[in-house]
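*Asks:* Handing you this structure, nothing more for now.
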Amino acid sequence: MSGVAAATRAPYRTGLAAGTVDVWHIRLPGDGAGAVRGLPPLLDARERARAAAMVSERDRTAFTVARTALRDILGRYLDRDQAALRFGAGRYGKPYLEDARLAFNLSHTAGAALLALAAPGPVGVDIERITAADRTAMAERWFAPAEAAAVRAGAGRAGGPSPFWAYWTCKESYVKALGLGLAHPLDRFEVRFAGATADAAVFRGGRRHDGWRVRRLDLPAGYAGAVTVRGPLTRLRTWSWTPGAANATRAEGISHHG
C-alpha cells in the first residue's frame with residue numbers, strides 16, 4: 001500500500017464511523033518457526049490445533065501470525081482481552097465475532113494477509129500474489145463473458161499484470177462480503193470498473209447491484225487486492241501490522257474517496 005501517512009498511531013479503541021473501512025496489511029514471514037518467537041500467546045486451543053495439523057511449517061507460521069494479528073487488532077479496537085475473543089461461523093464458513101458489532105474479514109496469500117474492518121458491515125476482502133501464469137482458461141471457465149473477454153484481450157499484453165487479478169480479487173471480496181465465498185458462482189454476476197478510478201460496481205442481469213461498494217486496493221508490487229462493503233464507503237484507511245516490529249501499527253496511507 002502506498003500514500004502519505006495520515007497518522008502515526010493506529011485507530012485503536014476509537015471505533016469506526018459508518019462509511020469508514022479500515023484495511024490492515026499483515027506481513028507474513030516465510031522463514032519458519034523462528035518467526036513466531038516473541039508473539040503473544042493469543043490463539044485458543046482450536047486455533048493451535050488447526051496450526052499443528054498443517055503439514056508445511058511455512059503454512060503453520062503464516063496461520064499463527066495471521067491469527068495473532070487478527071486477535072491483536074480486533075481486541076484493541078474493542079478494548080477487550082485478545083485471547084478471550086470468541087468467534088462463530090456462518091453457514092458457508094465465514095467467521096464473525098460473537099457479542100460485537102464489528103464486522104471483519106481476513107484473506108491471505110504467500111507473504112501477506114489483509115484484514116478489513118467495518119461497522120456494522122458486512123465486509124469482504126481478498127489479496128492474491130500475482131503470478132505470470134496465463135489465467136485466460138480460468139477466466140473463461142469461472143467469469144462472466146465480458147470479464148473473460150477482457151482477460152483474453154489482456155493476455156500477453158506488456159506493461160502490467162493481467163486484468164484477471166483485478167477481476168478475481170473484486171469478485172472474491174464481493175462474495176466474501178455476502179458470506180458465501182465460492183459457494184456463489186462467479187459467473188452469475190459481472191464486475192465493471194469505473195474508468196481509471198479504483199472503484200468497481202457489481203451487475204446482475206445487466207442491472208447494477210446497488211447497496212455494495214467495491215474498491216481495488218493499492219498494494220505492494222506483486223500483489224492485487226480488493227475490499228467490498230455494504231453501504232457507503234466514504235473513507236478507506238490503510239495500516240500495517242508486522243510481527244516483532246517495535247511499531248507494528250504504522251499508518252500506511254489514507255483515502256477519502258466515496
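Every chain in the C-alpha cells takes a letter, A first, then B, and so on in the order presented; its residues are numbered from 1, and the ligands are numbered from 1 following the presented order.
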Can you tell me, as a PyMOL selection string, which residues in range 22-249 of chain A count as alpha helix (DSSP H) by DSSP?

*Replies:* chain A and resi 45-52+57-78+136-142+145-154+164-178

*Asks:* Taking the DSSP assignment computed from this structure's backbone, write out as a PyMOL selection string all residues of range 9-138 of chain A that belong to strand (DSSP E or B).

*Replies:* chain A and resi 20-27+87-89+95-97+103-109+112-118+123-129

*Asks:* Would you list the contacts of range 178-189 of chain A as an mmCIF file with C-alpha atoms, in the first residue's frame, taking every protein, DNA or RNA residue within 10 Å and counting only C-alpha atoms, but skipping same-chain residues closer than 2 positions in sequence?

*Replies:*
```cif
data_model
loop_
_atom_site.group_PDB
_atom_site.id
_atom_site.type_symbol
_atom_site.label_atom_id
_atom_site.label_comp_id
_atom_site.auth_asym_id
_atom_site.auth_seq_id
_atom_site.Cartn_x
_atom_site.Cartn_y
_atom_site.Cartn_z
ATOM 1 C CA ALA A 89 -19.002 -19.082 11.650
ATOM 2 C CA GLY A 90 -21.799 -18.556 9.151
ATOM 3 C CA ARG A 91 -23.402 -21.252 7.052
ATOM 4 C CA TYR A 92 -20.612 -21.131 4.488
ATOM 5 C CA GLY A 93 -17.787 -20.786 6.983
ATOM 6 C CA LYS A 94 -17.331 -17.018 7.156
ATOM 7 C CA PRO A 95 -16.141 -16.207 10.706
ATOM 8 C CA ASN A 105 -12.817 -10.388 7.008
ATOM 9 C CA PRO A 122 -20.677 -6.823 6.318
ATOM 10 C CA VAL A 123 -17.287 -6.560 4.665
ATOM 11 C CA GLY A 124 -15.181 -8.810 2.452
ATOM 12 C CA ALA A 139 -11.410 -16.742 -16.558
ATOM 13 C CA GLU A 140 -13.342 -18.382 -19.387
ATOM 14 C CA ARG A 141 -14.456 -21.129 -17.038
ATOM 15 C CA TRP A 142 -15.398 -19.059 -13.991
ATOM 16 C CA PHE A 143 -16.053 -15.452 -15.053
ATOM 17 C CA ALA A 144 -18.950 -13.694 -16.741
ATOM 18 C CA PRO A 145 -18.491 -13.471 -20.554
ATOM 19 C CA ALA A 146 -17.495 -9.779 -20.607
ATOM 20 C CA GLU A 147 -14.905 -10.334 -17.872
ATOM 21 C CA ALA A 148 -13.450 -13.363 -19.633
ATOM 22 C CA TRP A 168 -10.684 -12.065 -9.334
ATOM 23 C CA LYS A 171 -15.296 -10.796 -7.259
ATOM 24 C CA GLU A 172 -13.811 -12.683 -4.312
ATOM 25 C CA SER A 173 -14.178 -9.738 -1.960
ATOM 26 C CA TYR A 174 -17.814 -9.353 -3.026
ATOM 27 C CA VAL A 175 -18.850 -12.972 -2.466
ATOM 28 C CA LYS A 176 -16.961 -12.973 0.833
ATOM 29 C CA VAL A 191 -17.721 -6.587 -12.162
ATOM 30 C CA ARG A 192 -17.331 -3.348 -14.083
ATOM 31 C CA VAL A 202 -21.431 -5.253 -9.476
ATOM 32 C CA PHE A 203 -24.051 -6.029 -12.112
ATOM 33 C CA ARG A 204 -26.583 -8.865 -12.209
ATOM 34 C CA GLY A 205 -28.590 -9.480 -15.343
ATOM 35 C CA GLY A 206 -27.377 -6.168 -16.713
ATOM 36 C CA ARG A 207 -28.600 -4.214 -13.685
ATOM 37 C CA ARG A 208 -26.345 -2.614 -11.135
ATOM 38 C CA HIS A 209 -26.488 -4.263 -7.715
ATOM 39 C CA TRP A 212 -22.485 -2.524 -2.204
ATOM 40 C CA THR A 228 -16.263 -4.789 -0.579
ATOM 41 C CA VAL A 229 -18.616 -3.314 1.989
ATOM 42 C CA ARG A 230 -22.372 -2.944 2.198
#
```

*Asks:* My list of candidates is A:Pro161, A:Gly121, A:Ala196, A:Leu115. Which is closest to Gly231 in chain A when distances are computed with only C-alpha atoms?

*Replies:*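 Distance minimum relative to Gly231 in chain A lands on A:Gly121.
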
*Asks:* Mind pulling up the distance from CA of Pro40 in chain A to CA of His25 in chain A?

*Replies:* 18.8 Å

*Asks:* For a test of reading the model, state the distance in Å between CA of Ser240 in chain A and CA of Trp24 in chain A, rounded to one decimal.

*Replies:*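 Separating CA of Ser240 in chain A from CA of Trp24 in chain A is a distance of 5.3 Å.
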
*Asks:* Give me the residues near Arg46 in chain A as a list of chain:residue names, where near means some atom within 12 Å (using only C-alpha atoms) and where sequence neighbours in that chain fewer than 4 positions away do not count.

*Replies:* A:Leu42, A:Arg50, A:Ala51, A:Ala52, A:Ala53, A:Thr64, A:Arg67, A:Arg86, A:Phe87

*Asks:* Just checking: using only C-alpha atoms, which residue out of A:Ser56, A:Thr234, A:Thr61, A:Ser162 ends up closest to Ala112 in chain A?

*Replies:*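 The answer is A:Thr61, which sits nearest to Ala112 in chain A.
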
*Asks:* Would you pick out the contacts of Ala110 in chain A at 12 Å or less, using only C-alpha atoms, so that residues sharing its chain but fewer than 6 positions from it are not included, and give the list as a PyMOL selection string?

*Replies:* chain A and resi 26-30+58-59+61-63+66+127-131+222-224

*Asks:* Which residue, A:Ala194, A:Ala149, A:Val55, A:Pro232, has the smallest gap to Thr20 in chain A when you use only C-alpha atoms?

*Replies:* A:Pro232
